[in-house]
$ cat upload-v5.txt   # compact mmCIF, C-alpha atoms and all ligand atoms
# COMPACT_ATOMS: atom_id res chain seq x y z
CA MET A 412 17.15 58.63 -77.63
CA LYS A 413 14.52 57.18 -75.38
CA VAL A 414 15.79 53.67 -75.98
CA ARG A 415 19.39 54.66 -75.29
CA ALA A 416 18.42 56.35 -72.05
CA PHE A 417 16.54 53.26 -71.02
CA SER A 418 19.45 50.99 -71.91
CA PHE A 419 21.78 53.10 -69.84
CA PHE A 420 19.40 52.97 -66.91
CA PHE A 421 19.12 49.21 -67.30
CA LEU A 422 22.89 48.80 -67.33
CA VAL A 423 23.28 50.87 -64.19
CA LEU A 424 20.56 48.85 -62.52
CA LEU A 425 22.17 45.57 -63.61
CA GLY A 426 25.55 46.76 -62.38
CA THR A 427 24.11 47.72 -59.03
CA THR A 428 22.40 44.36 -58.66
CA LEU A 429 25.60 42.48 -59.48
CA VAL A 430 27.58 44.50 -56.95
CA VAL A 431 24.98 43.85 -54.27
CA GLN A 432 25.01 40.12 -54.99
CA ALA A 433 28.79 39.99 -54.95
CA ALA A 434 29.04 41.61 -51.53
CA ILE A 435 27.93 39.12 -48.91
CA PRO A 436 26.81 41.03 -45.85
CA GLY A 437 29.09 40.60 -42.89
CA ALA A 438 31.87 38.93 -44.88
CA ASP A 439 34.21 41.89 -44.39
CA LEU A 440 33.48 41.78 -40.67
CA LEU A 441 34.29 38.08 -40.51
CA VAL A 442 37.49 38.60 -42.52
CA GLY A 443 38.56 41.40 -40.17
CA LEU A 444 37.86 39.19 -37.18
CA ILE A 445 39.98 36.32 -38.56
CA ALA A 446 42.78 38.71 -39.54
CA ARG A 447 42.91 40.05 -35.98
CA GLU A 448 42.49 36.75 -34.14
CA PHE A 449 44.86 34.58 -36.20
CA ASP A 450 47.76 36.94 -36.94
CA ALA A 451 49.67 36.16 -33.74
CA ASN A 452 52.83 38.17 -34.56
CA ALA A 453 50.76 41.00 -36.14
CA ASP A 454 52.83 41.22 -39.34
CA GLY A 455 49.67 41.47 -41.46
CA VAL A 456 50.16 37.99 -42.91
CA ILE A 457 48.82 34.67 -41.60
CA ASP A 458 51.26 31.81 -42.14
CA ALA A 459 50.36 28.11 -42.03
CA GLY A 460 51.39 27.81 -38.37
CA GLU A 461 49.28 30.77 -37.30
CA TRP A 462 46.36 29.41 -39.29
CA GLU A 463 46.66 26.01 -37.61
CA SER A 464 46.89 27.37 -34.07
CA GLY A 465 44.15 29.91 -34.83
CA CYS A 466 41.91 27.10 -36.09
CA LEU A 467 42.71 24.92 -33.07
CA GLY A 468 42.05 27.77 -30.65
CA GLY A 469 38.81 28.50 -32.46
CA PHE A 470 37.70 24.89 -32.07
CA ASP A 471 38.27 24.89 -28.32
CA GLN A 472 36.48 28.23 -28.01
CA MET A 473 33.49 27.02 -30.02
CA ASP A 474 33.24 23.58 -28.39
CA ALA A 475 31.68 25.03 -25.27
CA ASN A 476 30.62 21.70 -23.73
CA GLN A 477 34.01 20.16 -24.65
CA ASP A 478 32.54 16.99 -26.18
CA GLY A 479 34.95 17.15 -29.12
CA SER A 480 32.38 18.37 -31.66
CA ILE A 481 30.92 21.72 -32.67
CA SER A 482 27.13 21.79 -32.79
CA VAL A 483 24.87 24.35 -34.47
CA ALA A 484 23.81 25.58 -31.02
CA GLU A 485 27.45 26.13 -30.07
CA ILE A 486 27.99 28.22 -33.23
CA GLU A 487 24.87 30.25 -32.50
CA ALA A 488 26.14 30.92 -28.99
CA LEU A 489 29.04 32.87 -30.57
CA GLN A 490 26.70 35.65 -31.59
CA ALA A 491 26.87 37.43 -28.23
CA PRO A 492 30.67 37.44 -27.79
CA ILE A 493 31.33 38.34 -31.45
CA GLY A 494 28.61 40.99 -31.24
CA GLU A 495 30.44 42.56 -28.33
CA GLU A 496 33.50 42.96 -30.54
CA ILE A 497 32.01 44.05 -33.85
CA GLY A 498 28.45 45.10 -32.94
CA ASP A 499 25.17 43.21 -32.75
CA PHE A 500 24.50 43.32 -36.49
CA GLY A 501 28.03 42.15 -37.26
CA GLY A 502 27.70 39.37 -34.72
CA ALA A 503 24.46 38.13 -36.26
CA VAL A 504 25.77 38.06 -39.85
CA ALA A 505 29.17 36.66 -38.88
CA VAL A 506 27.45 33.75 -37.12
CA VAL A 507 25.37 32.96 -40.22
CA LEU A 508 28.57 32.88 -42.29
CA ILE A 509 30.47 30.79 -39.74
CA LYS A 510 27.57 28.34 -39.64
CA THR A 511 27.55 28.04 -43.43
CA ILE A 512 31.32 27.55 -43.63
CA LEU A 513 31.61 25.11 -40.71
CA MET A 514 28.57 22.98 -41.45
CA ALA A 515 29.99 22.39 -44.94
CA LEU A 516 32.82 20.55 -43.15
CA ASP A 517 30.38 18.03 -41.63
CA LYS A 518 31.23 15.17 -43.93
CA ASN A 519 29.26 12.39 -42.20
CA GLY A 520 26.10 14.52 -42.01
CA ASP A 521 25.46 14.20 -38.26
CA MET A 522 25.10 18.01 -37.94
CA LEU A 523 28.22 18.06 -35.76
CA VAL A 524 31.69 19.10 -36.82
CA SER A 525 34.13 16.74 -35.15
CA LYS A 526 37.70 17.85 -34.48
CA GLN A 527 38.86 15.58 -37.31
CA GLU A 528 36.34 17.05 -39.78
CA TYR A 529 37.25 20.54 -38.58
CA LEU A 530 41.02 20.18 -38.94
CA ALA A 531 40.72 18.57 -42.38
CA GLY A 532 38.41 21.44 -43.37
CA CYS A 533 40.77 24.09 -42.03
CA GLU A 534 43.56 22.69 -44.17
CA THR A 535 41.35 22.70 -47.28
CA ILE A 536 40.18 26.25 -46.55
CA PHE A 537 43.77 27.47 -46.16
CA LYS A 538 44.70 25.98 -49.54
CA LYS A 539 41.63 27.54 -51.15
CA LEU A 540 42.46 30.97 -49.73
CA ASP A 541 46.19 30.86 -50.46
CA ALA A 542 45.72 31.95 -54.06
CA ASN A 543 49.44 32.19 -54.94
CA GLY A 544 50.34 29.03 -52.99
CA ASP A 545 53.18 30.57 -50.96
CA GLY A 546 51.92 29.12 -47.67
CA GLN A 547 50.86 32.52 -46.31
CA LEU A 548 47.57 34.40 -46.32
CA THR A 549 47.74 38.11 -47.00
CA LYS A 550 44.80 40.35 -46.11
CA ALA A 551 43.96 40.51 -49.82
CA GLU A 552 43.84 36.71 -50.07
CA LEU A 553 41.78 36.52 -46.88
CA ALA A 554 39.38 39.13 -48.25
CA GLU A 555 38.52 36.67 -51.05
CA LEU A 556 37.02 34.34 -48.43
CA PRO A 557 33.38 34.91 -49.42
CA THR A 558 34.02 34.24 -53.12
CA ARG A 559 36.25 31.27 -52.49
CA LEU A 560 34.20 29.57 -49.79
CA LEU A 561 30.61 30.59 -50.31
CA GLN A 562 30.08 30.76 -54.05
CA CA B 1 30.49 20.57 -28.46
CA CA B 2 30.18 15.42 -38.41
CA CA B 3 49.55 33.53 -50.26
$ encode --input "upload-v5.txt" --output "structure tokens" --more "lines below"
Ligand SMILES: [Ca+2]
Ligand SMILES: [Ca+2]
Ligand SMILES: [Ca+2]
Amino acid sequence: MKVRAFSFFFLVLLGTTLVVQAAIPGADLLVGLIAREFDANADGVIDAGEWESGCLGGFDQMDANQDGSISVAEIEALQAPIGEEIGDFGGAVAVVLIKTILMALDKNGDMLVSKQEYLAGCETIFKKLDANGDGQLTKAELAELPTRLLQ
């Protein structure tokens, strides 16, 4: 009986650990932010056009010094404005995620994401997120962002 009780405890512990690892902190906040910002006609679905203009608008917002590239410092500067929308903690974790996702698009390794690198990356990300390939992102597909982009 002792062994069985221990096994059960171990399984619960293992399950808890797996759940914690699967949930990336702040990912739901980032997903909510994208869903709100990109869904221009507010029908709950982001189509390819909305994704493209959302991405383009995001680039211009992030490229604060308008030199045509996004730097790490420019991403970190987003923490305050995002924090105002979703809270300081949310802002901090969302920025870490955005940094991870965007810096993966830096193909020539100069620590800057050029507009060309960014737009190519946005297209790849859309395809990765559009699980059923219908050219639209539902909230459910968008919610898979952490698993599809970060793991
Ligand atoms: Ca810049
Ligand atoms: Ca680059
Ligand atoms: Ca879809």
$ residues_near_ligand --input "upload-v5.txt" --ligand "ligand CA 2 (chain B)" --cutoff "6 Å" --atoms "all atoms listed in the file" --output "PyMOL selection string"
chain A and resi 517-525
$ residues_around --input "upload-v5.txt" --residues "Asp541 (chain A)" --least-positions-apart "4" --cutoff "12 Å" --atoms "only C-alpha atoms" --output "list of chain:residue names"
A:Val456, A:Ile457, A:Asp458, A:Ala459, A:Trp462, A:Glu534, A:Thr535, A:Ile536, A:Phe537, A:Asp545, A:Gly546, A:Gln547, A:Leu548, A:Thr549, A:Lys550, A:Ala551, A:Glu552, A:Leu553, A:Ala554, A:Glu555, A:Leu556, A:Arg559
$ write_last_selection --input "upload-v5.txt" --atoms "C-alpha atoms" --output "CSV table (one decimal), in the frame of the given file"
chain,number,residue,atom,x,y,z
A,456,VAL,CA,50.2,38.0,-42.9
A,457,ILE,CA,48.8,34.7,-41.6
A,458,ASP,CA,51.3,31.8,-42.1
A,459,ALA,CA,50.4,28.1,-42.0
A,462,TRP,CA,46.4,29.4,-39.3
A,534,GLU,CA,43.6,22.7,-44.2
A,535,THR,CA,41.4,22.7,-47.3
A,536,ILE,CA,40.2,26.2,-46.6
A,537,PHE,CA,43.8,27.5,-46.2
A,545,ASP,CA,53.2,30.6,-51.0
A,546,GLY,CA,51.9,29.1,-47.7
A,547,GLN,CA,50.9,32.5,-46.3
A,548,LEU,CA,47.6,34.4,-46.3
A,549,THR,CA,47.7,38.1,-47.0
A,550,LYS,CA,44.8,40.4,-46.1
A,551,ALA,CA,44.0,40.5,-49.8
A,552,GLU,CA,43.8,36.7,-50.1
A,553,LEU,CA,41.8,36.5,-46.9
A,554,ALA,CA,39.4,39.1,-48.2
A,555,GLU,CA,38.5,36.7,-51.0
A,556,LEU,CA,37.0,34.3,-48.4
A,559,ARG,CA,36.2,31.3,-52.5
$ atom_distance --input "upload-v5.txt" --atom1 "CA of Leu560 (chain A)" --atom2 "CA of Gly468 (chain A)"
20.8 Å
$ residues_near_ligand --input "upload-v5.txt" --ligand "ligand CA 1 (chain B)" --cutoff "12 Å" --atoms "all atoms listed in the file" --output "list in words"
Phe470, Asp471, Gln472, Met473, Asp474, Ala475, Asn476, Gln477, Asp478, Gly479, Ser480, Ile481, Ser482, Val483, Ala484, Glu485, Ile486, Glu487, Ala488, Met522, Leu523, Val524, Ser525 and Lys526 of chain A
$ residues_around --input "upload-v5.txt" --residues "Ile493 (chain A)" --least-positions-apart "5" --cutoff "10 Å" --atoms "all atoms listed in the file" --output "PDB file with C-alpha atoms, in the frame of the given file"
ATOM      1  CA  LEU A 441      34.290  38.080 -40.510  1.00  0.00           C
ATOM      2  CA  LEU A 444      37.860  39.190 -37.180  1.00  0.00           C
ATOM      3  CA  ALA A 488      26.140  30.920 -28.990  1.00  0.00           C
ATOM      4  CA  GLY A 498      28.450  45.100 -32.940  1.00  0.00           C
ATOM      5  CA  ASP A 499      25.170  43.210 -32.750  1.00  0.00           C
ATOM      6  CA  PHE A 500      24.500  43.320 -36.490  1.00  0.00           C
ATOM      7  CA  GLY A 501      28.030  42.150 -37.260  1.00  0.00           C
ATOM      8  CA  GLY A 502      27.700  39.370 -34.720  1.00  0.00           C
ATOM      9  CA  ALA A 503      24.460  38.130 -36.260  1.00  0.00           C
ATOM     10  CA  ALA A 505      29.170  36.660 -38.880  1.00  0.00           C
ATOM     11  CA  VAL A 506      27.450  33.750 -37.120  1.00  0.00           C
TER      12      VAL A 506
END
$ closest_residue --input "upload-v5.txt" --among "A:Gly460, A:Gly455, A:Gly544, A:Gly494" --to "ligand CA 3 (chain B)" --atoms "only C-alpha atoms and all ligand atoms"
A:Gly544
$ atom_distance --input "upload-v5.txt" --atom1 "CA of Gly437 (chain A)" --atom2 "CA of Tyr529 (chain A)"
22.1 Å
$ closest_residue --input "upload-v5.txt" --among "A:Leu561, A:Ala446, A:Ala438, A:Val504" --to "Leu489 (chain A)" --atoms "only C-alpha atoms"
A:Val504
$ atom_distance --input "upload-v5.txt" --atom1 "CA of Asp439 (chain A)" --atom2 "CA of Pro557 (chain A)"
8.6 Å
$ closest_residue --input "upload-v5.txt" --among "A:Ile445, A:Leu540, A:Ile509, A:Leu530" --to "ligand CA 3 (chain B)" --atoms "only C-alpha atoms and all ligand atoms"
A:Leu540
$ closest_residue --input "upload-v5.txt" --among "A:Val442, A:Thr558, A:Lys539, A:Met514" --to "ligand CA 3 (chain B)" --atoms "all atoms listed in the file"
A:Lys539
$ closest_residue --input "upload-v5.txt" --among "A:Ile497, A:Leu508, A:Leu440, A:Cys466" --to "Gly532 (chain A)" --atoms "only C-alpha atoms"
A:Cys466
